[in-house]
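Here's the structure, in structure tokens; my notes come after.
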Amino acid sequence: MYGDEDCQIHSVSTLSQAGAGQISFLTNSKYRKHLMGSTAEAVILTQADSSDCPINALVVNNPHAAYAKIATLLNPPPTAILGIAPTAYVDPTAQVDETASIGHHCVIEAGVKIGKGVRIGPGCVVRYNTVIEDNSELVANVTINYGCRLGARVLLHPGVVIGADGFGQANDGGIWIKVPQLGSVVIEDDVEIGANSTVDRGAIDDTVIGKGVKLDNLIQVAHNVHIGEHSVIAACTAIAGSTHIGKGCVIGGCVGIVGHLEITDNVMITGMSMVTKSITEPGSYSSGLPAEATATWHKSIARFRLLEKYAQRLKAVEVQLQEKNDK
Amino acid sequence: MYGDEDCQIHSVSTLSQAGAGQISFLTNSKYRKHLMGSTAEAVILTQADSSDCPINALVVNNPHAAYAKIATLLNPPPTAILGIAPTAYVDPTAQVDETASIGHHCVIEAGVKIGKGVRIGPGCVVRYNTVIEDNSELVANVTINYGCRLGARVLLHPGVVIGADGFGQANDGGIWIKVPQLGSVVIEDDVEIGANSTVDRGAIDDTVIGKGVKLDNLIQVAHNVHIGEHSVIAACTAIAGSTHIGKGCVIGGCVGIVGHLEITDNVMITGMSMVTKSITEPGSYSSGLPAEATATWHKSIARFRLLEKYAQRLKAVEVQLQEKNDK
Amino acid sequence: MYGDEDCQIHSVSTLSQAGAGQISFLTNSKYRKHLMGSTAEAVILTQADSSDCPINALVVNNPHAAYAKIATLLNPPPTAILGIAPTAYVDPTAQVDETASIGHHCVIEAGVKIGKGVRIGPGCVVRYNTVIEDNSELVANVTINYGCRLGARVLLHPGVVIGADGFGQANDGGIWIKVPQLGSVVIEDDVEIGANSTVDRGAIDDTVIGKGVKLDNLIQVAHNVHIGEHSVIAACTAIAGSTHIGKGCVIGGCVGIVGHLEITDNVMITGMSMVTKSITEPGSYSSGLPAEATATWHKSIARFRLLEKYAQRLKAVEVQLQEKNDK
């Protein structure tokens, strides 16, 4: 801590907008210009960025993580109303801890178990025999199908669907017949899943989302996928059936990963890549093409299509040169 | 059938985990190693895979389809509670067959017709004048907008939205004004649609999903699209307006298909392809680029961008050689 | 107007299907063949297309916009039932204008303000302290999280989620910890958002959707994104955090736009492009690759991978030629 150790902080803000009593943070040196003119009460930053800091400074190794913790302390969730809203339907055989909160118009089916401090927001459906452990939260309009298991401190945003049938179709003489999806979904502790994402139930075994995994919005996780602990995936990515993703992976948005692959630990996949083979070495992988002016792009595609002809012409040139050399 | 024709089967499992009384299946010879050590009571496989089979074997031409049928027999759906849940709202003018089941907190609006054995799970909304034929199922939190027609045995997973307005916008001097979407959606018999997929209503005519079509999760079907019978589409694919897709097509995940195209019957499109022109010949089509190490990929992109220069240099070399030859 | 100025129109239809009393429109000269045989009462078209028109013609500069306005006049929305449905839950502290309509099983939380003529369809959840201005509509099963602000005449289709937490995760020694998302979402007047799209709340500042913006289905708008007035975006596109998009942009489907970019006004981005850098000049940008026959495509990819070797061989040929020239 540099500066006034007794300064009082009541809220967080951005470096450029923070005023008296507010704390902000600096994680990227390219925003130091905002630091120089900041009227924040204090800033969280690294030692490297602390020289010439004009305001009170909390010097840490990881300003983003420190900010997250401070912002969490300063912004506790609103107190949930304990108990079951009068408009909710809770089956008599469901076990709901008395410290849990069940919102308006929720449906909690038979055999469901809901742990301590669980908060289920309005309009959620939890189908039969699903288990939700302590302090998890379903924000609103979340659907958990039957027989799923959610760990502690799981956070599911609106529109999430857990445990819908996996996409199992067997072709029977040109007609697709449904393959029953008999597995379930296991979501381990501290998982967060973004709005309108879908995690399908397994065909026979379970789909598994490992401890601490964070999924963004509109992500598709197919049947029997396993995602290793503390992996993080950005929006609109799709993972096809039975693929196993390792621990600590960082996967960008709009990525497609085909089925039955093994992705090892600590793999990074950049946005809009298509992963078609197992990845056995940690590191970064890509196949997204950056946009150019459309006219330039059309020329590039045309030349791409001519590659075979270019290769033939190059070969012809080489042969001619060789013949000249051989003379 | 090879082995003990009187063996008793109570459930299905995977080849590697099945035990007494359980049946499994083998569709891919590369998993024969699991067959060799399997403790399953029986296995479904082809004649080609049946030699040396160490356990009871049900020999069929199509093990996957046979498995689907057996697993369905062994796993009947739980008996639905007949009738209308007390917390559901059903408009007095709606016609709900007495063998149908309407779940908690459903909303069934005026003029809706719901056939025999239909199961509507909790939280579903069926807007006015929609018709749902016999034995269809809406799992939970499904939304069907007004005036749509669903055939028999249609299965819609949670979060599906049928009949939202198509994306019709007319530019009026820089301002986009809404084009009313006056058509509807027709979903024929035996269609299955995955979680959070959307099928928009037509602009004037209808959007049509043909008999036996199977759609995975998070798929977008725009206004006036037609999908032919028994076509199957994997997750996160988007089909733009007025495109017609033939029968028996197999479309991978994350595919984009532009509007106003005609895709003939029996076309396969592999994952992450972009279809920009009509396809008149059956066969397989692609444009997805497989991921590589990011460093390699960046070099590839750089060289891709140099293609025009390479082409010019190649031409220059050819000209020089020609000049030498002409001397 | 050419023809009978007193002709009576009761509804719209397509050129090929319209009959007596119906009006249609022609925006694309390639459909003139449908005009020639049309039995419509009248058609909306441009001067350029009006010669030889066999039926009554309403000649305008912009037939699509004129059609939109006429179709809107001919198809007024059904009269909403005023007031609050008996099955809805409305917190006593919420302010709902008496001309608003709150559908069955809606949940309107504390401190919400709902303006004149607002229509909230069945199953919607509006969380605490959100404000919805006059004549906006939430069709059904829409979720608006706490503290969001919607302007007038906003139209949200089923499954839309507004104001879910942005995807803020700080890595703390290999573990991702949640960064509280303290901003909100501001949706300005005349915005339309398609089914199952998601707009996340800002991290500290707000996410802003400008006046007149039209978003299709299954679109992801991340935290702190700004979308400028009268921009339009097709389905399944994803915009990463803090990117600002200008006014009057036209963005295709399945596009991915990375975070922290500035896209200027009047930019067009074609379908399936990946935008990785800020765009400072108006114009059209692309990077989607059109599909080819899979066999051809595989050859193209193989040659793409050989580009470095081709470049080396080309260089070698040039050097050899230079040596010959130098002799």
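Labeling convention for the structure tokens: chains A, B, ... as they appear, residues from 1 per chain, ligands from 1 in order of appearance.
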
Checklist entry - For chain B against chain C, which residues fall within 6 Å using only C-alpha atoms, given as a PyMOL selection string? => result chain B and resi 167+170+172+175+179-180+273-276+284-287

If you keep N, CA, C and O atoms, can you produce a file of those selected residues as an mmCIF file, in the first residue's frame?
data_model
loop_
_atom_site.group_PDB
_atom_site.id
_atom_site.type_symbol
_atom_site.label_atom_id
_atom_site.label_comp_id
_atom_site.auth_asym_id
_atom_site.auth_seq_id
_atom_site.Cartn_x
_atom_site.Cartn_y
_atom_site.Cartn_z
ATOM 1 N N PHE B 167 -36.609 -12.496 -39.304
ATOM 2 C CA PHE B 167 -35.837 -11.249 -39.247
ATOM 3 C C PHE B 167 -36.063 -10.486 -40.545
ATOM 4 O O PHE B 167 -35.251 -10.526 -41.472
ATOM 5 N N ALA B 170 -36.844 -3.700 -43.345
ATOM 6 C CA ALA B 170 -36.722 -2.926 -44.589
ATOM 7 C C ALA B 170 -36.043 -1.606 -44.267
ATOM 8 O O ALA B 170 -36.402 -0.940 -43.291
ATOM 9 N N ASP B 172 -35.434 2.115 -44.625
ATOM 10 C CA ASP B 172 -36.227 3.263 -45.064
ATOM 11 C C ASP B 172 -35.427 4.524 -44.740
ATOM 12 O O ASP B 172 -35.577 5.109 -43.669
ATOM 13 N N ILE B 175 -33.129 3.993 -41.669
ATOM 14 C CA ILE B 175 -33.807 3.442 -40.494
ATOM 15 C C ILE B 175 -34.406 2.105 -40.886
ATOM 16 O O ILE B 175 -34.980 1.976 -41.969
ATOM 17 N N VAL B 179 -40.728 -5.567 -41.021
ATOM 18 C CA VAL B 179 -41.630 -6.174 -41.988
ATOM 19 C C VAL B 179 -42.447 -7.225 -41.231
ATOM 20 O O VAL B 179 -41.880 -8.183 -40.696
ATOM 21 N N PRO B 180 -43.752 -7.050 -41.161
ATOM 22 C CA PRO B 180 -44.561 -8.022 -40.404
ATOM 23 C C PRO B 180 -44.318 -9.441 -40.906
ATOM 24 O O PRO B 180 -44.196 -9.666 -42.119
ATOM 25 N N SER B 273 -18.558 -25.323 -42.196
ATOM 26 C CA SER B 273 -18.536 -24.870 -43.589
ATOM 27 C C SER B 273 -19.477 -23.688 -43.757
ATOM 28 O O SER B 273 -20.441 -23.521 -43.006
ATOM 29 N N MET B 274 -19.198 -22.875 -44.779
ATOM 30 C CA MET B 274 -20.100 -21.783 -45.152
ATOM 31 C C MET B 274 -20.614 -22.074 -46.556
ATOM 32 O O MET B 274 -19.830 -22.151 -47.502
ATOM 33 N N VAL B 275 -21.915 -22.226 -46.682
ATOM 34 C CA VAL B 275 -22.502 -22.557 -47.979
ATOM 35 C C VAL B 275 -23.067 -21.274 -48.576
ATOM 36 O O VAL B 275 -23.966 -20.654 -47.999
ATOM 37 N N THR B 276 -22.511 -20.880 -49.716
ATOM 38 C CA THR B 276 -22.874 -19.591 -50.320
ATOM 39 C C THR B 276 -23.586 -19.743 -51.653
ATOM 40 O O THR B 276 -24.049 -18.755 -52.219
ATOM 41 N N SER B 284 -20.556 -34.568 -50.675
ATOM 42 C CA SER B 284 -20.080 -33.922 -49.460
ATOM 43 C C SER B 284 -19.387 -32.609 -49.793
ATOM 44 O O SER B 284 -18.618 -32.528 -50.751
ATOM 45 N N TYR B 285 -19.670 -31.591 -49.003
ATOM 46 C CA TYR B 285 -19.145 -30.235 -49.238
ATOM 47 C C TYR B 285 -18.530 -29.695 -47.949
ATOM 48 O O TYR B 285 -19.021 -29.996 -46.859
ATOM 49 N N SER B 286 -17.489 -28.888 -48.088
ATOM 50 C CA SER B 286 -16.724 -28.432 -46.919
ATOM 51 C C SER B 286 -16.104 -27.079 -47.142
ATOM 52 O O SER B 286 -15.789 -26.701 -48.273
ATOM 53 N N SER B 287 -15.883 -26.352 -46.043
ATOM 54 C CA SER B 287 -14.919 -25.259 -46.074
ATOM 55 C C SER B 287 -14.317 -24.955 -44.711
ATOM 56 O O SER B 287 -13.712 -23.901 -44.532
#

Could you name the residues that touch Gly19 (chain B) at 10 Å or less, counting only C-alpha atoms, but leaving out those on the same chain fewer than 6 positions away, as an mmCIF file with all heavy atoms, in the first residue's frame?
data_model
loop_
_atom_site.group_PDB
_atom_site.id
_atom_site.type_symbol
_atom_site.label_atom_id
_atom_site.label_comp_id
_atom_site.auth_asym_id
_atom_site.auth_seq_id
_atom_site.Cartn_x
_atom_site.Cartn_y
_atom_site.Cartn_z
ATOM 1 N N SER B 11 -31.035 -54.148 -18.755
ATOM 2 C CA SER B 11 -30.664 -52.765 -19.052
ATOM 3 C C SER B 11 -29.505 -52.732 -20.036
ATOM 4 O O SER B 11 -28.917 -53.763 -20.371
ATOM 5 C CB SER B 11 -30.292 -52.000 -17.765
ATOM 6 O OG SER B 11 -29.163 -52.589 -17.153
ATOM 7 N N VAL B 12 -29.185 -51.534 -20.508
ATOM 8 C CA VAL B 12 -28.072 -51.347 -21.435
ATOM 9 C C VAL B 12 -26.900 -50.715 -20.697
ATOM 10 O O VAL B 12 -27.061 -50.100 -19.649
ATOM 11 C CB VAL B 12 -28.475 -50.433 -22.624
ATOM 12 C CG1 VAL B 12 -29.644 -51.029 -23.395
ATOM 13 C CG2 VAL B 12 -28.785 -49.029 -22.150
ATOM 14 N N SER B 13 -25.715 -50.866 -21.257
ATOM 15 C CA SER B 13 -24.541 -50.193 -20.708
ATOM 16 C C SER B 13 -23.465 -50.145 -21.788
ATOM 17 O O SER B 13 -23.675 -50.612 -22.910
ATOM 18 C CB SER B 13 -24.030 -50.907 -19.455
ATOM 19 O OG SER B 13 -23.007 -50.146 -18.846
ATOM 20 N N SER B 38 -15.077 -57.726 -22.376
ATOM 21 C CA SER B 38 -16.373 -57.286 -21.845
ATOM 22 C C SER B 38 -17.015 -58.336 -20.955
ATOM 23 O O SER B 38 -16.937 -59.535 -21.225
ATOM 24 C CB SER B 38 -17.333 -56.959 -22.997
ATOM 25 O OG SER B 38 -18.573 -56.533 -22.473
ATOM 26 N N THR B 39 -17.655 -57.858 -19.895
ATOM 27 C CA THR B 39 -18.420 -58.735 -19.005
ATOM 28 C C THR B 39 -19.917 -58.533 -19.211
ATOM 29 O O THR B 39 -20.716 -58.899 -18.352
ATOM 30 C CB THR B 39 -18.063 -58.438 -17.532
ATOM 31 O OG1 THR B 39 -18.292 -57.044 -17.288
ATOM 32 C CG2 THR B 39 -16.604 -58.763 -17.259
ATOM 33 N N ALA B 40 -20.289 -57.927 -20.352
ATOM 34 C CA ALA B 40 -21.718 -57.752 -20.653
ATOM 35 C C ALA B 40 -22.390 -59.113 -20.793
ATOM 36 O O ALA B 40 -21.758 -60.103 -21.156
ATOM 37 C CB ALA B 40 -21.888 -56.945 -21.933
ATOM 38 N N GLU B 41 -23.698 -59.138 -20.531
ATOM 39 C CA GLU B 41 -24.466 -60.360 -20.746
ATOM 40 C C GLU B 41 -24.539 -60.661 -22.240
ATOM 41 O O GLU B 41 -24.504 -61.821 -22.645
ATOM 42 C CB GLU B 41 -25.892 -60.152 -20.198
ATOM 43 C CG GLU B 41 -26.721 -61.395 -20.159
ATOM 44 C CD GLU B 41 -26.380 -62.293 -18.971
ATOM 45 O OE1 GLU B 41 -26.049 -61.759 -17.901
ATOM 46 O OE2 GLU B 41 -26.422 -63.532 -19.128
ATOM 47 N N ALA B 42 -24.649 -59.594 -23.038
ATOM 48 C CA ALA B 42 -24.771 -59.778 -24.490
ATOM 49 C C ALA B 42 -24.328 -58.506 -25.187
ATOM 50 O O ALA B 42 -24.239 -57.438 -24.581
ATOM 51 C CB ALA B 42 -26.211 -60.106 -24.876
#

Next on the checklist: Taking 4 positions as the minimum chain separation for residues in the same chain, which residues sit within 6 Å of Val225 (chain A) when counting only C-alpha atoms? Answer as a PyMOL selection string.
Outcome noted: chain A and resi 207+241-244

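Here CA of Val126 (chain A) is placed at a distance of 8.2 Å from CA of Val142 (chain A).
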
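Interatomic distance, CA of Asn171 (chain C) to CA of Ser278 (chain A): 25.7 Å.
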
Please list as a PDB file with C-alpha atoms, in the first residue's frame every residue within 10 Å of region 30-34 of chain B, counting only C-alpha atoms and excluding residues in the same chain fewer than 2 positions away.
ATOM      1  CA  THR B  14     -21.224 -49.543 -22.405  1.00  0.00           C
ATOM      2  CA  LEU B  15     -19.080 -52.466 -23.527  1.00  0.00           C
ATOM      3  CA  SER B  16     -16.448 -51.677 -20.933  1.00  0.00           C
ATOM      4  CA  GLN B  17     -18.854 -51.272 -18.006  1.00  0.00           C
ATOM      5  CA  LEU B  26     -20.362 -52.508 -31.101  1.00  0.00           C
ATOM      6  CA  THR B  27     -20.607 -50.333 -34.208  1.00  0.00           C
ATOM      7  CA  ASN B  28     -16.988 -49.493 -34.800  1.00  0.00           C
ATOM      8  CA  MET B  36     -12.698 -58.887 -25.888  1.00  0.00           C
ATOM      9  CA  GLY B  37     -12.701 -58.070 -22.176  1.00  0.00           C
ATOM     10  CA  SER B  38     -16.373 -57.286 -21.845  1.00  0.00           C
ATOM     11  CA  THR B  39     -18.420 -58.735 -19.005  1.00  0.00           C
ATOM     12  CA  ASP B  49     -17.422 -58.307 -35.828  1.00  0.00           C
ATOM     13  CA  SER B  50     -18.915 -61.489 -34.425  1.00  0.00           C
ATOM     14  CA  CYS B  53     -17.014 -62.789 -29.675  1.00  0.00           C
TER      15      CYS B  53
END

Checklist entry - Could you write out, as a PyMOL selection string, all the residues of region 73-321 of chain C that DSSP marks as helix (DSSP H, G or I)? => result chain C and resi 73-74+294-305+307-321
